[in-house]
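S.K.: Data: final-v1.txt, compact mmCIF, C-alpha atoms.
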# COMPACT_ATOMS: atom_id res chain seq x y z
CA MET A 245 84.07 104.96 90.51
CA ALA A 246 85.90 108.07 89.41
CA ALA A 247 89.05 107.12 91.30
CA LEU A 248 89.35 103.88 89.40
CA ALA A 249 88.90 105.49 86.01
CA ALA A 250 91.45 108.18 86.84
CA THR A 251 94.19 105.93 88.16
CA LEU A 252 95.65 104.80 84.84
CA VAL A 253 95.36 107.89 82.66
CA PRO A 254 96.92 107.66 79.20
CA LEU A 255 99.29 110.36 78.05
CA GLY A 256 96.77 112.17 75.88
CA PRO A 257 93.01 112.92 75.86
CA ARG A 258 91.37 110.77 78.50
CA TYR A 259 89.27 107.81 77.45
CA ASP A 260 85.94 108.08 79.29
CA PRO A 261 84.09 104.75 79.59
CA GLY A 262 81.00 106.67 80.69
CA LYS A 263 80.54 107.95 77.15
CA LEU A 264 79.67 104.43 76.10
CA LEU A 265 76.51 104.52 78.20
CA SER A 266 73.27 105.90 76.87
CA GLU A 267 71.59 108.82 78.60
CA ALA A 268 68.56 106.60 79.23
CA THR A 269 70.54 104.22 81.46
CA PRO A 270 72.63 106.31 83.87
CA THR A 271 75.01 104.25 85.97
CA ASN A 272 74.98 103.76 89.71
CA GLU A 273 78.40 105.17 90.58
CA GLY A 274 80.58 102.65 92.41
CA ALA A 275 78.31 99.66 91.71
CA ALA A 276 80.34 96.76 90.35
CA VAL A 277 79.55 93.37 88.86
CA LEU A 278 82.15 90.71 89.75
CA VAL A 279 83.07 88.01 87.24
CA GLY A 280 84.99 84.79 87.77
CA VAL A 281 85.78 82.06 85.25
CA ASP A 282 86.47 78.50 86.40
CA PHE A 283 89.08 76.93 84.11
CA GLY A 284 89.33 73.81 86.24
CA LEU A 285 92.30 75.08 88.22
CA PRO A 286 92.59 74.23 91.94
CA HIS A 287 91.44 76.65 94.62
CA PHE A 288 89.00 78.51 92.38
CA ASP A 289 87.06 81.02 94.47
CA ALA A 290 83.53 80.15 93.33
CA GLN A 291 81.95 82.71 95.66
CA LEU A 292 84.35 85.48 94.56
CA GLU A 293 84.74 86.39 98.24
CA GLU A 294 88.27 87.71 97.91
CA LEU A 295 87.49 89.71 94.77
CA GLY A 296 84.53 91.22 96.63
CA LEU A 297 86.80 92.26 99.49
CA LEU A 298 89.26 93.76 97.02
CA ALA A 299 86.46 95.72 95.35
CA GLN A 300 85.20 97.03 98.69
CA THR A 301 88.73 97.97 99.73
CA ALA A 302 89.04 99.99 96.50
CA GLY A 303 85.79 101.81 97.30
CA LEU A 304 83.41 99.86 95.06
CA ARG A 305 80.09 98.20 95.97
CA PRO A 306 79.66 94.70 94.55
CA VAL A 307 76.03 94.36 93.42
CA GLU A 308 76.12 91.07 91.48
CA ARG A 309 78.39 88.09 90.84
CA LEU A 310 78.68 86.03 87.67
CA VAL A 311 80.58 82.73 87.64
CA CYS A 312 80.97 80.53 84.59
CA LYS A 313 83.05 77.57 83.39
CA ARG A 314 85.25 77.39 80.33
CA LYS A 315 88.01 75.11 79.09
CA ALA A 316 90.07 78.08 77.90
CA PRO A 317 89.65 81.87 77.67
CA ASP A 318 87.94 83.26 74.60
CA ALA A 319 90.52 85.18 72.59
CA ALA A 320 88.24 88.14 71.94
CA LEU A 321 85.91 88.41 74.95
CA PHE A 322 87.51 86.06 77.54
CA ILE A 323 84.08 84.68 78.51
CA GLY A 324 82.59 84.24 75.02
CA SER A 325 79.88 86.23 73.28
CA GLY A 326 76.93 84.49 74.97
CA LYS A 327 78.15 85.14 78.51
CA ALA A 328 79.17 88.66 77.48
CA GLU A 329 75.55 89.39 76.53
CA GLU A 330 74.37 87.91 79.83
CA LEU A 331 76.88 90.08 81.65
CA ARG A 332 75.68 93.14 79.74
CA GLU A 333 72.11 92.47 80.89
CA LEU A 334 73.27 92.16 84.51
CA ALA A 335 75.20 95.42 84.28
CA LEU A 336 72.18 97.20 82.81
CA MET A 337 69.81 95.75 85.37
CA HIS A 338 71.94 96.95 88.30
CA ARG A 339 73.08 100.12 86.48
CA ALA A 340 76.66 99.09 87.33
CA SER A 341 79.48 101.49 86.50
CA GLU A 342 82.22 98.83 86.62
CA VAL A 343 82.73 95.18 85.76
CA ILE A 344 85.62 93.49 87.59
CA PHE A 345 87.18 90.21 86.43
CA ASP A 346 88.93 87.92 88.90
CA GLN A 347 91.50 86.97 86.24
CA ALA A 348 93.92 89.08 84.24
CA LEU A 349 92.59 90.36 80.90
CA SER A 350 94.59 91.16 77.81
CA PRO A 351 94.32 94.74 76.51
CA ALA A 352 92.32 93.55 73.49
CA GLN A 353 89.89 91.56 75.66
CA GLN A 354 89.40 94.54 77.94
CA ARG A 355 88.72 96.85 74.99
CA ASN A 356 86.31 94.40 73.33
CA LEU A 357 84.40 93.80 76.56
CA GLU A 358 83.97 97.53 77.12
CA ARG A 359 82.52 97.88 73.63
CA VAL A 360 80.01 95.08 74.24
CA LEU A 361 79.11 95.91 77.86
CA GLY A 362 79.08 99.69 77.60
CA VAL A 363 80.80 100.13 80.99
CA ALA A 364 84.35 100.26 82.28
CA VAL A 365 86.02 96.83 82.59
CA TYR A 366 88.92 96.12 84.91
CA ASP A 367 90.76 93.01 86.02
CA ARG A 368 92.18 91.77 89.31
CA THR A 369 95.63 93.19 88.56
CA PHE A 370 94.27 96.70 88.05
CA LEU A 371 92.19 96.46 91.22
CA ILE A 372 95.23 95.52 93.32
CA LEU A 373 97.22 98.36 91.75
CA GLU A 374 94.43 100.79 92.61
CA ILE A 375 94.41 99.68 96.25
CA PHE A 376 98.18 99.96 96.48
CA ALA A 377 98.01 103.47 94.98
CA GLN A 378 95.45 104.48 97.61
CA ARG A 379 97.35 103.00 100.56
CA ALA A 380 101.02 103.84 99.90
CA ARG A 381 102.22 106.49 102.35
CA SER A 382 106.01 106.55 102.33
CA TYR A 383 108.09 108.01 99.50
CA GLU A 384 109.47 104.56 98.72
CA GLY A 385 106.03 102.98 98.71
CA LYS A 386 104.67 105.61 96.34
CA LEU A 387 107.61 105.08 93.99
CA GLN A 388 107.06 101.33 94.02
CA VAL A 389 103.37 101.72 93.21
CA GLU A 390 104.12 104.22 90.45
CA LEU A 391 106.61 101.84 88.86
CA ALA A 392 104.12 98.96 88.89
CA ARG A 393 101.38 101.25 87.56
CA LEU A 394 103.56 102.42 84.67
CA GLN A 395 104.57 98.85 83.84
CA TYR A 396 100.91 97.83 83.73
CA LEU A 397 99.98 100.83 81.61
CA SER A 398 102.79 100.16 79.12
CA THR A 399 101.14 96.86 78.17
CA HIS A 400 97.63 98.30 77.93
CA LEU A 401 98.06 100.77 75.08
CA VAL A 402 96.43 98.72 72.32
CA ARG A 403 94.34 101.34 70.49
CA ARG A 404 92.01 101.76 73.45
CA TRP A 405 91.82 105.53 73.12
CA SER A 406 90.48 107.56 70.23
CA HIS A 407 93.52 109.84 70.01
CA LEU A 408 95.81 107.06 68.77
CA GLU A 409 95.77 108.20 65.16
CA ARG A 410 99.00 108.44 63.14
CA GLN A 411 100.84 111.72 63.59
CA ARG A 412 102.33 113.70 60.71
CA GLY A 413 106.03 114.58 60.94
CA GLY A 414 108.04 117.53 59.62
CA ILE A 415 107.73 121.31 59.87
CA GLY A 416 104.14 122.44 59.53
CA ALA A 417 103.04 118.79 59.56
CA ARG A 418 103.96 118.49 55.87
CA GLY A 419 106.38 115.61 56.34
CA GLY A 420 105.80 111.92 55.84
CA PRO A 421 104.08 109.61 58.27
CA GLY A 422 105.56 109.87 61.74
CA GLU A 423 105.08 107.96 64.97
CA THR A 424 101.63 106.86 65.94
CA GLN A 425 100.33 108.36 69.17
CA ILE A 426 100.48 104.92 70.74
CA GLU A 427 104.23 104.81 70.00
CA LEU A 428 104.69 108.27 71.50
CA ASP A 429 102.77 107.25 74.61
CA ARG A 430 104.77 104.06 74.95
CA ARG A 431 108.05 105.95 74.59
CA MET A 432 107.01 108.54 77.17
CA ILE A 433 105.92 105.81 79.57
CA GLY A 434 109.27 104.07 79.03
CA GLN A 435 111.07 107.28 79.97
CA ALA A 436 108.89 107.64 83.07
CA ILE A 437 109.68 104.02 84.06
CA LYS A 438 113.41 104.76 83.72
CA ARG A 439 113.16 107.88 85.93
CA THR A 440 111.10 106.06 88.55
CA ARG A 441 113.57 103.14 88.61
CA GLU A 442 116.45 105.55 89.19
CA ARG A 443 114.67 107.19 92.14
CA LEU A 444 113.74 103.80 93.55
CA ASP A 445 117.32 102.52 93.20
CA LYS A 446 118.51 105.49 95.27
CA VAL A 447 115.98 104.75 98.01
CA GLN A 448 116.95 101.06 97.94
CA ARG A 449 120.62 101.96 98.42
CA GLN A 450 119.69 104.09 101.43
CA ARG A 451 117.64 101.25 102.90
CA GLY A 452 120.54 98.87 102.24
CA THR A 453 122.87 101.16 104.19
CA GLN A 454 120.46 101.14 107.15
CA ARG A 455 120.23 97.35 106.94
CA ARG A 456 124.03 96.94 106.94
CA GLN A 457 124.25 99.19 110.00
CA ARG A 458 121.85 96.89 111.84
CA GLN A 459 123.91 93.88 110.76
CA ARG A 460 127.13 95.49 112.02
CA ARG A 461 125.44 95.98 115.38
CA GLU A 462 124.60 92.25 115.22
CA THR A 463 120.91 92.94 115.74
CA PHE A 464 118.76 89.84 115.42
CA SER A 465 116.14 90.75 112.80
CA ILE A 466 112.60 89.37 112.55
CA SER A 467 110.14 89.97 109.72
CA LEU A 468 106.40 89.39 109.80
CA VAL A 469 105.09 87.88 106.58
CA GLY A 470 101.75 86.41 105.64
CA TYR A 471 98.61 86.63 103.59
CA THR A 472 96.88 90.00 103.59
CA ASN A 473 94.45 90.52 106.48
CA ALA A 474 96.03 87.72 108.53
CA GLY A 475 96.61 90.19 111.38
CA LYS A 476 100.31 90.98 110.94
CA SER A 477 99.99 94.65 111.90
CA SER A 478 97.83 93.80 114.92
CA LEU A 479 100.43 91.27 116.08
CA PHE A 480 103.22 93.79 115.42
CA ASN A 481 101.42 96.38 117.58
CA ALA A 482 100.82 93.84 120.34
CA LEU A 483 104.48 92.82 120.46
CA VAL A 484 106.16 96.24 120.35
CA LYS A 485 103.34 98.43 121.71
CA ALA A 486 103.39 100.41 118.46
CA ARG A 487 100.57 102.21 116.73
CA ALA A 488 100.98 100.94 113.18
CA TYR A 489 97.77 101.18 111.21
CA ALA A 490 95.73 97.99 111.44
CA ALA A 491 92.25 97.28 110.10
CA ASP A 492 90.07 94.34 109.12
CA GLN A 493 90.62 94.84 105.39
CA LEU A 494 92.94 93.76 102.61
CA PHE A 495 96.28 95.57 102.31
CA ALA A 496 95.75 97.79 105.35
CA THR A 497 99.55 98.16 105.55
CA LEU A 498 101.86 98.62 102.57
CA ASP A 499 104.94 100.34 103.94
CA THR A 500 107.49 98.42 106.00
CA THR A 501 107.65 99.51 109.65
CA THR A 502 110.60 98.47 111.82
CA ARG A 503 110.76 98.75 115.62
CA HIS A 504 112.99 97.43 118.38
CA LEU A 505 111.68 94.73 120.69
CA TYR A 506 113.38 94.08 124.02
CA LEU A 507 113.32 90.43 125.09
CA GLY A 508 113.93 90.40 128.82
CA GLU A 509 114.20 86.61 128.79
CA VAL A 510 117.65 86.88 127.16
CA GLY A 511 118.40 90.52 127.93
CA ARG A 512 118.64 91.25 124.23
CA GLN A 513 117.08 93.74 121.84
CA VAL A 514 115.92 92.58 118.41
CA SER A 515 114.46 94.41 115.42
CA ILE A 516 111.07 93.40 114.08
CA SER A 517 109.55 94.53 110.77
CA ASP A 518 105.97 94.52 109.54
CA THR A 519 105.87 93.96 105.75
CA VAL A 520 103.25 94.13 103.03
CA GLY A 521 100.78 91.25 102.89
CA PHE A 522 100.72 88.73 100.06
CA ILE A 523 97.73 87.66 98.00
CA ARG A 524 96.79 85.12 95.36
CA ASP A 525 97.88 86.12 91.86
CA LEU A 526 99.91 89.05 93.13
CA PRO A 527 100.92 90.95 89.96
CA HIS A 528 104.52 90.19 89.05
CA GLY A 529 105.07 93.90 88.49
CA LEU A 530 104.28 94.48 92.15
CA VAL A 531 106.59 91.67 93.25
CA ASP A 532 109.40 93.27 91.25
CA ALA A 533 108.55 96.81 92.35
CA PHE A 534 108.33 95.88 96.04
CA LYS A 535 111.67 94.08 96.22
CA ALA A 536 113.03 96.80 98.50
CA THR A 537 110.15 96.31 100.93
CA LEU A 538 110.31 92.52 100.70
CA GLN A 539 114.09 92.65 101.09
CA GLU A 540 113.45 92.90 104.83
CA ALA A 541 112.14 89.34 104.63
CA VAL A 542 115.09 88.13 102.52
CA ASP A 543 117.66 89.52 104.97
CA ALA A 544 115.84 88.56 108.16
CA ASP A 545 117.23 86.04 110.65
CA LEU A 546 113.71 84.73 111.33
CA LEU A 547 110.34 84.95 109.59
CA LEU A 548 107.11 84.96 111.56
CA HIS A 549 104.63 83.55 109.04
CA VAL A 550 101.34 84.93 110.36
CA VAL A 551 98.31 82.84 109.38
CA ASP A 552 94.62 83.63 109.79
CA GLY A 553 93.87 80.34 111.50
CA ALA A 554 90.13 81.10 111.58
CA ASN A 555 89.95 81.29 107.79
CA PRO A 556 88.89 77.94 106.29
CA HIS A 557 91.10 78.67 103.25
CA HIS A 558 94.28 79.22 105.28
CA PRO A 559 96.14 76.18 103.79
CA GLU A 560 95.85 77.70 100.31
CA GLN A 561 96.85 81.12 101.65
CA MET A 562 99.95 79.60 103.28
CA GLN A 563 100.94 78.05 99.95
CA GLN A 564 100.56 81.43 98.22
CA VAL A 565 102.86 83.05 100.80
CA GLU A 566 105.44 80.30 100.37
CA GLN A 567 105.32 80.78 96.60
CA VAL A 568 106.10 84.50 96.89
CA LEU A 569 108.86 83.78 99.40
CA ARG A 570 110.45 81.45 96.86
CA GLU A 571 110.16 84.13 94.16
CA ILE A 572 112.04 86.69 96.27
CA GLY A 573 114.62 84.22 97.59
CA ALA A 574 113.40 84.15 101.21
CA ASP A 575 112.33 80.50 101.29
CA THR A 576 115.56 79.46 103.07
CA VAL A 577 115.08 81.84 106.02
CA PRO A 578 114.01 80.00 109.22
CA GLN A 579 110.28 80.28 109.94
CA VAL A 580 107.88 80.10 112.85
CA LEU A 581 104.20 79.69 112.01
CA VAL A 582 101.96 82.00 114.05
CA PHE A 583 98.29 80.99 113.82
CA ASN A 584 96.52 84.23 114.70
CA LYS A 585 92.89 85.12 115.59
CA LEU A 586 92.57 82.37 118.19
CA ASP A 587 89.78 84.38 119.83
CA VAL A 588 87.46 83.76 116.84
CA PHE A 589 88.26 80.08 116.24
CA ASP A 590 85.18 77.87 116.13
CA ASP A 591 85.10 74.87 118.43
CA ALA A 592 86.18 72.45 115.68
CA ARG A 593 89.39 74.41 115.05
CA ARG A 594 90.47 75.12 118.62
CA PRO A 595 93.93 73.59 119.19
CA LEU A 596 94.66 70.90 121.76
CA ARG A 597 98.12 72.41 122.32
CA MET A 598 99.11 76.08 122.06
CA VAL A 599 102.57 75.19 120.74
CA ASP A 600 103.30 72.28 118.42
CA GLU A 601 105.08 71.41 115.18
CA ILE A 602 103.71 70.69 111.71
CA GLU A 603 105.31 69.59 108.47
CA MET A 604 105.29 72.00 105.56
CA ASP A 605 107.11 71.49 102.27
CA GLY A 606 109.18 68.72 103.83
CA GLN A 607 110.23 70.82 106.85
CA GLN A 608 109.19 70.63 110.48
CA LEU A 609 108.07 74.10 111.58
CA ARG A 610 107.19 75.33 115.05
CA ARG A 611 103.57 76.51 115.26
CA ILE A 612 102.23 78.84 117.94
CA PHE A 613 98.57 79.79 118.37
CA VAL A 614 97.95 83.39 119.43
CA SER A 615 95.38 86.13 119.50
CA ALA A 616 96.82 89.55 118.80
CA HIS A 617 93.50 91.00 119.93
CA THR A 618 93.35 89.43 123.41
CA GLY A 619 97.04 88.68 123.97
CA GLN A 620 96.49 84.95 124.38
CA GLY A 621 99.58 82.98 123.36
CA LEU A 622 101.87 86.02 123.15
CA PRO A 623 104.05 84.94 126.14
CA ALA A 624 104.76 81.64 124.36
CA LEU A 625 105.65 83.54 121.19
CA ARG A 626 108.02 85.84 123.10
CA ASP A 627 109.66 82.78 124.66
CA GLU A 628 110.21 81.32 121.18
CA LEU A 629 111.69 84.59 119.90
CA ALA A 630 113.97 84.78 122.93
CA ALA A 631 115.17 81.22 122.36
CA ARG A 632 115.90 81.91 118.67
CA ALA A 633 117.68 85.20 119.39
CA GLY A 634 119.67 83.61 122.22
CA ALA A 635 120.76 80.70 120.03
CA CYS A 636 121.86 83.13 117.31
CA ALA A 637 123.85 85.18 119.84
CA ASP A 638 125.57 82.05 121.17
CA ALA A 639 126.52 80.99 117.65
CA ALA A 640 127.86 84.45 116.75
CA GLY A 641 129.82 84.95 119.95
CA PRO A 642 129.80 87.98 122.26
CA ALA A 643 128.08 91.10 120.91
CA VAL A 644 130.41 93.99 120.03
Take the structure from the file and write it as structure tokens.
M.R.:
Amino acid sequence: MAALAATLVPLGPRYDPGKLLSEATPTNEGAAVLVGVDFGLPHFDAQLEELGLLAQTAGLRPVERLVCKRKAPDAALFIGSGKAEELRELALMHRASEVIFDQALSPAQQRNLERVLGVAVYDRTFLILEIFAQRARSYEGKLQVELARLQYLSTHLVRRWSHLERQRGGIGARGGPGETQIELDRRMIGQAIKRTRERLDKVQRQRGTQRRQRQRRETFSISLVGYTNAGKSSLFNALVKARAYAADQLFATLDTTTRHLYLGEVGRQVSISDTVGFIRDLPHGLVDAFKATLQEAVDADLLLHVVDGANPHHPEQMQQVEQVLREIGADTVPQVLVFNKLDVFDDARRPLRMVDEIEMDGQQLRRIFVSAHTGQGLPALRDELAARAGACADAAGPAV
């Protein structure tokens, strides 16, 4: 896909993976082979379902999947020379234009694989960055994506492009050996990272001012968090009658949206924010870059942890969300678990009670089953929010 190849463009003549392909085997644009390696770690996605959804979200068409087992990654080709040849045959058979790995690749592994396979090779981190670049809409979101993109690019400049020859210094190029092009690119990327950080810091200060204003008004703040595609935006729209973009796809929403919600049960108005969804192996660069967006969760009075209760892998997804919350310092914020998509639960998963409590990480958490699509369970959720907001108001004293 052209969009993928153009996302991370080096500062110099563009490297074109298509040139590696022979004229006799033209590629099927957008066709991708998915690769996963089982290293014996828990929760390995043997069907590569999530990677397939990521690829489709980025505009690719998965045409084949290859799963193999290894004790450790091969230093040169990640999957070893034998599997690399098998993968090359699969790519040729389907005329794939991309090969996507479910794990992160080193720059050298990526370069070596492209030489062997003859097609562009990307990893899970790049795929997530591409989706974020496509979906960011606000100025802050675009800055955050650009920062993460530049950080990723700065580590992937290991002689992958043909223009990385040593430059000659001095007037008329008669001087001694100067910087290599890779050093120039890295320095220019470093300068771009610095500029982007400065712009992002300014936006973060502005958002901090808005947040302090809400705190001075003693507004009870609620943040929706959860695994991507758990239905956070749909629930947000159902609660506040908003029109935030919601779709059955990964990372449908990237930019934080905040609205006021009036709770007639306590005669009080609260603020509620819809935040970016989490995912397994979220690139650390994105966690760092999106601190301003995720700060809404850190500073919230209550987190609504939205869970896709119909997904058989929801326990693992919940653990991934909790891990990110710990990384950003939001693990101490009170939580309510909201098991969404009740309307598509199979009979074996339908709850006996709509509201109960479960233990998670040594804590007893309230759990409420809802359907953002049909509205089932939303009155119970509003009652819980009203009780939490009312208790907070009683503890803080009369509102100013």
S.K.: Find the spatial neighbours of Arg610 (chain A), counting all atoms listed in the file, within a cut-off of 9 Å - ignore same-chain residues fewer than 3 positions away - and output them as a PDB file with C-alpha atoms, in the frame of the given file.
M.R.:
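And here is the file that came out, out_30.pdb:
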ATOM      1  CA  GLN A 579     110.280  80.280 109.940  1.00  0.00           C
ATOM      2  CA  VAL A 580     107.880  80.100 112.850  1.00  0.00           C
ATOM      3  CA  LEU A 581     104.200  79.690 112.010  1.00  0.00           C
ATOM      4  CA  VAL A 582     101.960  82.000 114.050  1.00  0.00           C
ATOM      5  CA  VAL A 599     102.570  75.190 120.740  1.00  0.00           C
ATOM      6  CA  ASP A 600     103.300  72.280 118.420  1.00  0.00           C
ATOM      7  CA  GLU A 601     105.080  71.410 115.180  1.00  0.00           C
ATOM      8  CA  ILE A 602     103.710  70.690 111.710  1.00  0.00           C
ATOM      9  CA  GLU A 603     105.310  69.590 108.470  1.00  0.00           C
TER      10      GLU A 603
END
S.K.: Select, from A:Asn481, A:Thr440, A:Thr500, A:Thr453, the residue with the minimum atom-to-atom distance to Val469 (chain A), counting all atoms listed in the file.
M.R.: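 Of A:Asn481, A:Thr440, A:Thr500, A:Thr453, the one nearest Val469 (chain A) is A:Thr500, counting all atoms listed in the file.
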S.K.: Could you name the residues that touch Gly521 (chain A) at 7 Å or less, counting only C-alpha atoms, but leaving out those on the same chain fewer than 3 positions away, as a ChimeraX atom specification?
M.R.: /A:469-472,495
S.K.: Name the closest residue to Phe480 (chain A) among the candidates A:Val550, A:Leu357, A:Ala320, A:Ile344; distances are taken between atoms, counting all atoms listed in the file.
M.R.: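 Closest residue, counting all atoms listed in the file: A:Val550.
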S.K.: Of the candidates A:Gln291, A:Thr501, A:Gln567, A:Ser477, which one gets nearest to Arg381 (chain A) if we count all atoms listed in the file?
M.R.: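 Nearest to Arg381 (chain A): A:Thr501.
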S.K.: Once you count only C-alpha atoms, what closest atom pair and distance in Å to one decimal does each residue of region 465-489 of chain A within 10 Å of region 503-511 of chain A have, with rows by chain and rising residue number, as JSON lines?
M.R.:
{"residue": "A:Ser465", "atom": "CA", "partner": "A:His504", "partner_atom": "CA", "distance": 9.3}
{"residue": "A:Ile466", "atom": "CA", "partner": "A:Leu505", "partner_atom": "CA", "distance": 9.8}
{"residue": "A:Phe480", "atom": "CA", "partner": "A:Arg503", "partner_atom": "CA", "distance": 9.0}
{"residue": "A:Asn481", "atom": "CA", "partner": "A:Arg503", "partner_atom": "CA", "distance": 9.8}
{"residue": "A:Leu483", "atom": "CA", "partner": "A:Leu505", "partner_atom": "CA", "distance": 7.5}
{"residue": "A:Val484", "atom": "CA", "partner": "A:Leu505", "partner_atom": "CA", "distance": 5.7}
{"residue": "A:Lys485", "atom": "CA", "partner": "A:Leu505", "partner_atom": "CA", "distance": 9.2}
{"residue": "A:Ala486", "atom": "CA", "partner": "A:Arg503", "partner_atom": "CA", "distance": 8.1}
S.K.: So the first atom is CA of Phe589 (chain A) and the second is CA of Leu297 (chain A); what is the distance between them in Å, to one decimal place?
M.R.: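 Interatomic distance, CA of Phe589 (chain A) to CA of Leu297 (chain A): 20.8 Å.
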S.K.: Give me, as a list in words, all polymer residues having an atom no more than 10 Å from Ala554 (chain A), counting all atoms listed in the file and skipping those fewer than 3 positions away in the same chain.
M.R.: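 Near neighbours after the sequence-gap exclusion: Ala474, Val551, His557, His558, Phe583, Asn584, Lys585, Leu586, Asp587, Val588, Phe589, Asp590, Arg593 and Arg594 of chain A.
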S.K.: Can you work out the spacing between CA of Ala541 (chain A) and CA of Ser382 (chain A) in Å, to one decimal?
M.R.: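 According to the coordinates, CA of Ala541 (chain A) and CA of Ser382 (chain A) are separated by 18.4 Å.
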S.K.: What is the CA of Pro578 (chain A)-CA of Lys476 (chain A) distance in Å, reported with one decimal?
M.R.: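 Pair CA of Pro578 (chain A) / CA of Lys476 (chain A) returns 17.6 Å.
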S.K.: Taking all atoms listed in the file into account, which of A:Leu321, A:Ala340, A:Ala380, A:Leu371 comes nearest Gln300 (chain A)?
M.R.: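 For Gln300 (chain A), the nearest of the candidates is A:Leu371.
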S.K.: Find the residue from A:Gln448, A:Lys313, A:Arg626, A:Ser615 that sits nearest to Gln539 (chain A); use only C-alpha atoms when measuring.
M.R.: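 Checking each of A:Gln448, A:Lys313, A:Arg626, A:Ser615 against Gln539 (chain A), counting only C-alpha atoms, the winner is A:Gln448.
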S.K.: So which residues touch Glu330 (chain A) within 12 Å, counting all atoms listed in the file, skipping near sequence neighbours fewer than 5 positions away, as a PDB file with C-alpha atoms, in the coordinates of the input?
M.R.:
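Writing done, so here's selection-v9.pdb:
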ATOM      1  CA  VAL A 277      79.550  93.370  88.860  1.00  0.00           C
ATOM      2  CA  VAL A 279      83.070  88.010  87.240  1.00  0.00           C
ATOM      3  CA  ARG A 309      78.390  88.090  90.840  1.00  0.00           C
ATOM      4  CA  LEU A 310      78.680  86.030  87.670  1.00  0.00           C
ATOM      5  CA  VAL A 311      80.580  82.730  87.640  1.00  0.00           C
ATOM      6  CA  CYS A 312      80.970  80.530  84.590  1.00  0.00           C
ATOM      7  CA  ILE A 323      84.080  84.680  78.510  1.00  0.00           C
ATOM      8  CA  GLY A 324      82.590  84.240  75.020  1.00  0.00           C
ATOM      9  CA  SER A 325      79.880  86.230  73.280  1.00  0.00           C
ATOM     10  CA  ALA A 335      75.200  95.420  84.280  1.00  0.00           C
ATOM     11  CA  LEU A 336      72.180  97.200  82.810  1.00  0.00           C
ATOM     12  CA  MET A 337      69.810  95.750  85.370  1.00  0.00           C
ATOM     13  CA  VAL A 360      80.010  95.080  74.240  1.00  0.00           C
ATOM     14  CA  LEU A 361      79.110  95.910  77.860  1.00  0.00           C
TER      15      LEU A 361
END
S.K.: Of the residues A:Asn272, A:Gln607, A:Gln563, A:Asn356, which is the one nearest to Ile523 (chain A), using only C-alpha atoms?
M.R.: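 The shortest atom-to-atom distance to Ile523 (chain A) comes from A:Gln563.
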